[in-house]
Amino acid sequence: MADGILPLSNDFKTPSEADWVGEVEKALKGGGLDRITRKTVDGIPVRPLYRETDWPSSTDPLGTAGAAPFLRGANAEPDEFLPWDIRQRFAHPDPDMTHSEILRDLERGVSSIELSVDSKGETGCAITDLASLSDVLEGVKADIATIALDHCGDGTGTSLAALLALWADEQGNARTQKLAFNMSPMSLLARTGKIDGGIDAAMARTAELSRVLCLQFPNATTLRVDARHVHEAGGSEAQELAALIADAVDMMRRLEATGYDSKAFPAQTLFTLATGANYGLEIAKLRAARRLWARVLEAMELKPAPMLLQAVTSARMLTRYDPWVNMLRNTSACFAASVGGADIVTVRPFNEALGVPEELGRRVARNTQIIAMEECGLRRVADPAGGAWFEETLANDLAEAAWAEFKTIEAEGGYAKSLISGAFQSRIATVREARAKDIARRKIPITGVSEYPLIDGAEAPVADGTSVKGSPTVSSAGLESFLPELPGKSGKDTTCTPLSPIHVAYAFEHLRDRAEAHVANRGKRPSIFVATLGPLAEHNGRVDFARNLFAAGGIEGVQPAALPNSPSALASGFKASGCRIAVLCGADSRYGDEAEAAAEALKKAGAQRVFLAGKFEAPGIDSHIFMGCDAVEVLELAQAELGVAK
């Protein structure tokens, strides 16, 4: 046996970066690295290779995990048993159902709950008074599992926060209760477009209640800075980060104007971001958020403090068709949240886009985190992404782009004034529309919807009996014994254009909805005849492409049992199929000799429109499909020819 270690690379030359670049250019046939360099929607380049040289020594040092300025997270040694808080969202309108769901999920691995409340029972649990809140939280120990509020209904959240405080006070041991009241006036304005009584009065109420609550419940957080609505409205990563920081700065200033001590703000605030399925980008976004917050604290001459950061998986990425793929999207987003250093992670149920999730949706959501934590061992080390030059560089680039957007918001008078003027919403709309064009052209593929759709895929379950009506407002009865008199809503309402949520798959899902309605009304799926030219080896790739594209609109591709070998055979196959439109698929080399005759035969056989897979033009060919074509436009045209109602 040989002494020592014999490296397996001894007989290989150590390659340099120049050697690698040369091999890449050879593979690209003379093309440079620019050909495989992508850009984010913010225009930030994502290069194919990152080295230590991409992180200049002049850049601000990251520090160490658990130490100021906390760019690498708040903890140097992650908790072995609970490295992050597994927080589940509960939004069933029925308080009794919500209560049973909470107890079951806490028993099965969830470590804290986020209670989505809508007093009207439309978008959350219909909690209207102390009795209904007590019913929902019966048996929950707030000194063990944090109870957080999600104010999805109208109002600034002060009434609901006071209601939770009254409930917690009745439980005893107020100093050990772990609560997240999550009052967020700025988020309310951005999300709903209105604050009753004006933002100044809302801030005054928030400041007064926050002072009372942080004294009564020292283990609680009272405020929330939430930028998810920017993400869900179609905004970019830099816009979401800029909104997060602009919200925090504007809120601090307005609270300070009421006499609130801004030094207490960092410890009282939960920061919330959305995470999508592009985990490399999302990890960088979470790291950039901490860098931005450290910069804000420094600029405001406040003591460095770690950012309490919650990551919630994206709602806009969830699809209604082939929703099972959402499990993969959520897994990627969960990975990004945990590796990116989020203190709290909420995974949305995969079937949330279809309706109120039931047990399967919530079980998969929580188990995604448990598997990531227990079996995959994520976050067993502090800051696992630290030192990865790709993540470090991208996070820095994102922070710089977000800071530029933040300065623009500041120049517009701050976050609230930018929203009121509509300037920020306009910039988000520009990004959203550009992304929609890329989705329509399938430059941004959506698996299961725009790519590889399953026309007859299995449906996912949702909860039954979710229509529960509540009161238009939360009752304040009984709160006077606990709270001081809060400022009223005497001012003029503050209004703006709300940041309405979107689904990135909407255009294709709308087409599928039309097709499914056609099937329900006529008992037959819309179809297109796939006309092939030449042998299988020549046309198979384009056949798959065509069938895949038309299936994205709920249109089934139909082929004859035997390959047609002449225009007359194509015509016979078309007549036998019962279709009204056709698509020609073959090799470019064959189109010149056969495409025109094939199209003419199909037209004589009754084809209302003939598509061709490729860009070859000839008489009788009405439309073309190809990589980068506007698939939504093509599908709308095909559906119109097939009589699918809009």
# chains A, B, ... in the order shown; residues from 1 in each chain; ligands from 1
>>> select_by_dssp(residues="range 121-335 of chain A", states="strand (DSSP E or B)", output="PyMOL selection string")
chain A and resi 125+146-151+179-183+194-195+221-226+269-275+309-313
>>> write_last_selection(atoms="N, CA, C and O atoms", output="short mmCIF file (atom, residue, chain, number, x, y, z; two decimals), in the first residue's frame")
data_model
loop_
_atom_site.label_atom_id
_atom_site.label_comp_id
_atom_site.auth_asym_id
_atom_site.auth_seq_id
_atom_site.Cartn_x
_atom_site.Cartn_y
_atom_site.Cartn_z
N CYS A 125 -60.05 33.72 8.50
CA CYS A 125 -60.93 33.20 9.54
C CYS A 125 -61.85 34.31 10.05
O CYS A 125 -61.42 35.43 10.34
N THR A 146 -45.50 30.38 19.16
CA THR A 146 -45.82 31.77 18.87
C THR A 146 -47.15 31.87 18.12
O THR A 146 -47.42 31.08 17.22
N ILE A 147 -47.96 32.84 18.51
CA ILE A 147 -49.20 33.15 17.80
C ILE A 147 -48.99 34.47 17.07
O ILE A 147 -48.73 35.50 17.69
N ALA A 148 -49.06 34.42 15.75
CA ALA A 148 -48.86 35.61 14.91
C ALA A 148 -50.15 35.95 14.19
O ALA A 148 -50.97 35.07 13.90
N LEU A 149 -50.33 37.23 13.90
CA LEU A 149 -51.53 37.69 13.21
C LEU A 149 -51.19 38.08 11.78
O LEU A 149 -50.12 38.64 11.50
N ASP A 150 -52.09 37.78 10.87
CA ASP A 150 -52.00 38.24 9.49
C ASP A 150 -53.29 39.00 9.22
O ASP A 150 -54.36 38.41 9.10
N HIS A 151 -53.18 40.32 9.13
CA HIS A 151 -54.37 41.16 9.00
C HIS A 151 -54.79 41.22 7.54
O HIS A 151 -54.53 42.20 6.84
N LEU A 179 -45.81 36.30 21.10
CA LEU A 179 -46.85 36.82 20.22
C LEU A 179 -46.21 37.69 19.14
O LEU A 179 -45.17 38.32 19.35
N ALA A 180 -46.84 37.73 17.99
CA ALA A 180 -46.44 38.63 16.90
C ALA A 180 -47.70 39.36 16.44
O ALA A 180 -48.52 38.79 15.72
N PHE A 181 -47.87 40.60 16.91
CA PHE A 181 -49.10 41.35 16.63
C PHE A 181 -49.14 41.86 15.19
O PHE A 181 -50.21 42.05 14.62
N ASN A 182 -47.97 42.09 14.61
CA ASN A 182 -47.84 42.36 13.17
C ASN A 182 -48.68 43.53 12.67
O ASN A 182 -49.29 43.46 11.60
N MET A 183 -48.73 44.63 13.41
CA MET A 183 -49.43 45.83 12.93
C MET A 183 -48.61 46.46 11.81
O MET A 183 -47.40 46.65 11.96
N LYS A 194 -56.24 51.83 0.87
CA LYS A 194 -57.00 52.75 1.71
C LYS A 194 -56.68 52.55 3.18
O LYS A 194 -56.52 51.42 3.64
N ILE A 195 -56.57 53.67 3.89
CA ILE A 195 -56.50 53.66 5.35
C ILE A 195 -57.59 54.58 5.86
O ILE A 195 -57.54 55.80 5.64
N THR A 221 -43.36 40.71 19.39
CA THR A 221 -43.09 41.79 18.44
C THR A 221 -44.44 42.42 18.10
O THR A 221 -45.46 41.73 18.05
N THR A 222 -44.45 43.72 17.86
CA THR A 222 -45.72 44.42 17.66
C THR A 222 -45.91 44.93 16.24
O THR A 222 -47.04 45.13 15.80
N LEU A 223 -44.82 45.13 15.50
CA LEU A 223 -44.89 45.76 14.18
C LEU A 223 -44.44 44.78 13.10
O LEU A 223 -43.73 43.81 13.36
N ARG A 224 -44.88 45.07 11.89
CA ARG A 224 -44.43 44.26 10.75
C ARG A 224 -44.14 45.16 9.56
O ARG A 224 -44.91 46.06 9.25
N VAL A 225 -43.02 44.91 8.92
CA VAL A 225 -42.69 45.52 7.64
C VAL A 225 -42.79 44.42 6.60
O VAL A 225 -42.01 43.47 6.62
N ASP A 226 -43.76 44.53 5.71
CA ASP A 226 -44.13 43.42 4.82
C ASP A 226 -44.06 43.88 3.37
O ASP A 226 -44.78 44.78 2.96
N THR A 269 -39.97 44.71 15.45
CA THR A 269 -40.42 44.59 14.07
C THR A 269 -40.04 43.25 13.44
O THR A 269 -38.91 42.78 13.57
N LEU A 270 -41.01 42.67 12.76
CA LEU A 270 -40.80 41.48 11.93
C LEU A 270 -40.78 41.92 10.47
O LEU A 270 -41.70 42.59 10.00
N PHE A 271 -39.73 41.55 9.75
CA PHE A 271 -39.62 41.84 8.33
C PHE A 271 -40.04 40.61 7.54
O PHE A 271 -39.60 39.49 7.85
N THR A 272 -40.87 40.81 6.51
CA THR A 272 -41.40 39.68 5.76
C THR A 272 -41.19 39.87 4.26
O THR A 272 -41.52 40.92 3.70
N LEU A 273 -40.62 38.85 3.63
CA LEU A 273 -40.41 38.81 2.18
C LEU A 273 -41.00 37.54 1.60
O LEU A 273 -41.21 36.56 2.32
N ALA A 274 -41.27 37.56 0.30
CA ALA A 274 -41.69 36.36 -0.41
C ALA A 274 -40.45 35.69 -1.01
O ALA A 274 -39.46 36.34 -1.31
N THR A 275 -40.51 34.38 -1.16
CA THR A 275 -39.43 33.65 -1.83
C THR A 275 -40.03 32.81 -2.96
O THR A 275 -41.01 32.10 -2.76
N LEU A 309 -36.31 38.06 10.31
CA LEU A 309 -36.73 37.92 8.92
C LEU A 309 -37.61 36.69 8.72
O LEU A 309 -37.23 35.57 9.07
N GLN A 310 -38.79 36.91 8.15
CA GLN A 310 -39.70 35.83 7.79
C GLN A 310 -39.76 35.70 6.28
O GLN A 310 -39.89 36.70 5.57
N ALA A 311 -39.65 34.48 5.79
CA ALA A 311 -39.80 34.20 4.36
C ALA A 311 -41.06 33.38 4.14
O ALA A 311 -41.27 32.36 4.80
N VAL A 312 -41.91 33.85 3.24
CA VAL A 312 -43.16 33.17 2.90
C VAL A 312 -43.10 32.79 1.43
O VAL A 312 -42.84 33.64 0.58
N THR A 313 -43.32 31.53 1.12
CA THR A 313 -43.22 31.10 -0.28
C THR A 313 -44.23 31.85 -1.14
O THR A 313 -45.33 32.18 -0.71
#
>>> residues_around(residues="Gln88 in chain A", least_positions_apart="5", cutoff="12 Å", atoms="only C-alpha atoms", output="JSON, numbers by chain")
{"A": [98, 101, 102, 103, 104, 105, 106, 108, 109, 110, 111, 112, 113, 114, 115, 116, 145, 146, 147, 148, 149, 150, 310, 311, 312, 313, 344, 345, 346, 347, 348, 349, 357, 361, 362, 363, 364, 365, 366, 367, 368, 369]}
>>> closest_residue(among="A:Lys285, A:Glu509, A:Ala618, A:Glu358", to="Asp464 in chain A", atoms="only C-alpha atoms")
A:Glu358
>>> closest_residue(among="A:Asp42, A:Glu52, A:Asp135, A:Asp200", to="Gly491 in chain A", atoms="only C-alpha atoms")
A:Asp200
>>> residues_around(residues="range 371-375 of chain A", least_positions_apart="6", cutoff="8 Å", atoms="only C-alpha atoms", output="count of residues only")
4
>>> residues_around(residues="Ala333 in chain A", least_positions_apart="6", cutoff="8 Å", atoms="only C-alpha atoms", output="number ranges by chain")
A: 275-279, 282, 313-314
>>> residues_around(residues="Ala571 in chain A", least_positions_apart="4", cutoff="8 Å", atoms="only C-alpha atoms", output="list in words")
Pro567, Lys575, Ala601, Leu602, Lys604 and Ala605 of chain A
>>> write_last_selection(atoms="N, CA and C atoms", output="PDB file, in the first residue's frame")
ATOM      1  N   PRO A 567     -49.725  13.982 -49.940  1.00  0.00           N
ATOM      2  CA  PRO A 567     -50.733  14.991 -49.612  1.00  0.00           C
ATOM      3  C   PRO A 567     -52.146  14.409 -49.522  1.00  0.00           C
ATOM      4  N   LYS A 575     -59.617  14.505 -42.607  1.00  0.00           N
ATOM      5  CA  LYS A 575     -61.069  14.302 -42.630  1.00  0.00           C
ATOM      6  C   LYS A 575     -61.508  13.296 -41.569  1.00  0.00           C
ATOM      7  N   ALA A 601     -53.577  20.544 -49.777  1.00  0.00           N
ATOM      8  CA  ALA A 601     -54.415  19.366 -49.587  1.00  0.00           C
ATOM      9  C   ALA A 601     -55.243  19.487 -48.308  1.00  0.00           C
ATOM     10  N   LEU A 602     -54.656  19.993 -47.258  1.00  0.00           N
ATOM     11  CA  LEU A 602     -55.381  20.163 -45.991  1.00  0.00           C
ATOM     12  C   LEU A 602     -56.495  21.193 -46.137  1.00  0.00           C
ATOM     13  N   LYS A 604     -58.110  21.959 -48.907  1.00  0.00           N
ATOM     14  CA  LYS A 604     -59.179  21.369 -49.713  1.00  0.00           C
ATOM     15  C   LYS A 604     -59.991  20.362 -48.903  1.00  0.00           C
ATOM     16  N   ALA A 605     -59.332  19.760 -47.877  1.00  0.00           N
ATOM     17  CA  ALA A 605     -60.036  18.785 -47.035  1.00  0.00           C
ATOM     18  C   ALA A 605     -60.874  19.462 -45.955  1.00  0.00           C
TER      19      ALA A 605
END
>>> closest_residue(among="A:Tyr506, A:Phe550, A:Phe265, A:Phe545", to="Cys585 in chain A", atoms="only C-alpha atoms")
A:Phe545
>>> residues_around(residues="Val381 in chain A", least_positions_apart="6", cutoff="12 Å", atoms="only C-alpha atoms", output="compact mmCIF listing (two decimals) with N, CA, C and O atoms, in the first residue's frame")
# COMPACT_ATOMS: atom_id res chain seq x y z
N ALA A 65 -20.89 35.34 11.38
CA ALA A 65 -22.26 35.00 11.75
C ALA A 65 -22.49 35.29 13.23
O ALA A 65 -21.66 34.95 14.07
N GLY A 66 -23.62 35.93 13.53
CA GLY A 66 -23.96 36.22 14.91
C GLY A 66 -23.36 37.49 15.47
O GLY A 66 -23.56 37.80 16.64
N ARG A 72 -24.44 38.15 8.09
CA ARG A 72 -24.41 36.70 7.92
C ARG A 72 -25.38 36.01 8.87
O ARG A 72 -25.27 34.82 9.14
N GLY A 73 -26.38 36.76 9.37
CA GLY A 73 -27.39 36.18 10.23
C GLY A 73 -27.16 36.49 11.69
O GLY A 73 -26.09 36.95 12.10
N ASN A 75 -27.32 34.35 14.32
CA ASN A 75 -26.82 33.29 15.19
C ASN A 75 -25.54 32.66 14.65
O ASN A 75 -25.49 32.25 13.48
N ALA A 76 -24.55 32.57 15.50
CA ALA A 76 -23.31 31.90 15.11
C ALA A 76 -23.45 30.39 15.19
O ALA A 76 -22.78 29.65 14.46
N GLU A 77 -24.33 29.92 16.08
CA GLU A 77 -24.56 28.48 16.24
C GLU A 77 -26.06 28.21 16.15
O GLU A 77 -26.79 28.42 17.12
N PRO A 78 -26.56 27.78 14.99
CA PRO A 78 -27.99 27.52 14.84
C PRO A 78 -28.48 26.48 15.84
O PRO A 78 -27.75 25.55 16.22
N ASP A 79 -29.70 26.66 16.28
CA ASP A 79 -30.33 25.71 17.20
C ASP A 79 -30.40 24.33 16.55
O ASP A 79 -30.95 24.17 15.46
N GLU A 80 -29.83 23.35 17.20
CA GLU A 80 -29.79 22.00 16.63
C GLU A 80 -31.19 21.42 16.43
O GLU A 80 -31.44 20.66 15.50
N PRO A 83 -33.67 25.04 13.93
CA PRO A 83 -32.84 26.09 13.34
C PRO A 83 -33.63 27.26 12.78
O PRO A 83 -33.10 28.35 12.64
N SER A 338 -34.41 28.71 3.92
CA SER A 338 -33.60 28.14 5.00
C SER A 338 -32.12 28.42 4.80
O SER A 338 -31.43 28.86 5.72
N VAL A 339 -31.61 28.20 3.59
CA VAL A 339 -30.20 28.46 3.32
C VAL A 339 -29.91 29.96 3.34
O VAL A 339 -28.83 30.39 3.73
N GLY A 340 -30.91 30.76 2.94
CA GLY A 340 -30.74 32.21 2.95
C GLY A 340 -30.77 32.82 4.33
O GLY A 340 -30.50 34.01 4.48
N GLY A 341 -31.10 32.03 5.34
CA GLY A 341 -31.00 32.49 6.72
C GLY A 341 -32.25 33.08 7.31
O GLY A 341 -32.18 33.83 8.29
N MET A 373 -35.36 20.34 7.28
CA MET A 373 -34.68 20.57 8.54
C MET A 373 -34.05 19.30 9.10
O MET A 373 -32.88 19.29 9.50
>>> closest_residue(among="A:Leu533, A:Leu189, A:Ala399, A:Ala385", to="Ser589 in chain A", atoms="only C-alpha atoms")
A:Leu533
>>> atom_distance(atom1="CA of Asn521 in chain A", atom2="CA of Ala631 in chain A")
24.9 Å
>>> closest_residue(among="A:Asp322, A:Glu359, A:Asp438, A:Glu122", to="Ala463 in chain A", atoms="only C-alpha atoms")
A:Glu359
>>> closest_residue(among="A:Arg320, A:Arg191, A:His229, A:Arg435", to="Leu244 in chain A", atoms="only C-alpha atoms")
A:His229
>>> atom_distance(atom1="CA of Pro564 in chain A", atom2="CA of Glu596 in chain A")
15.5 Å
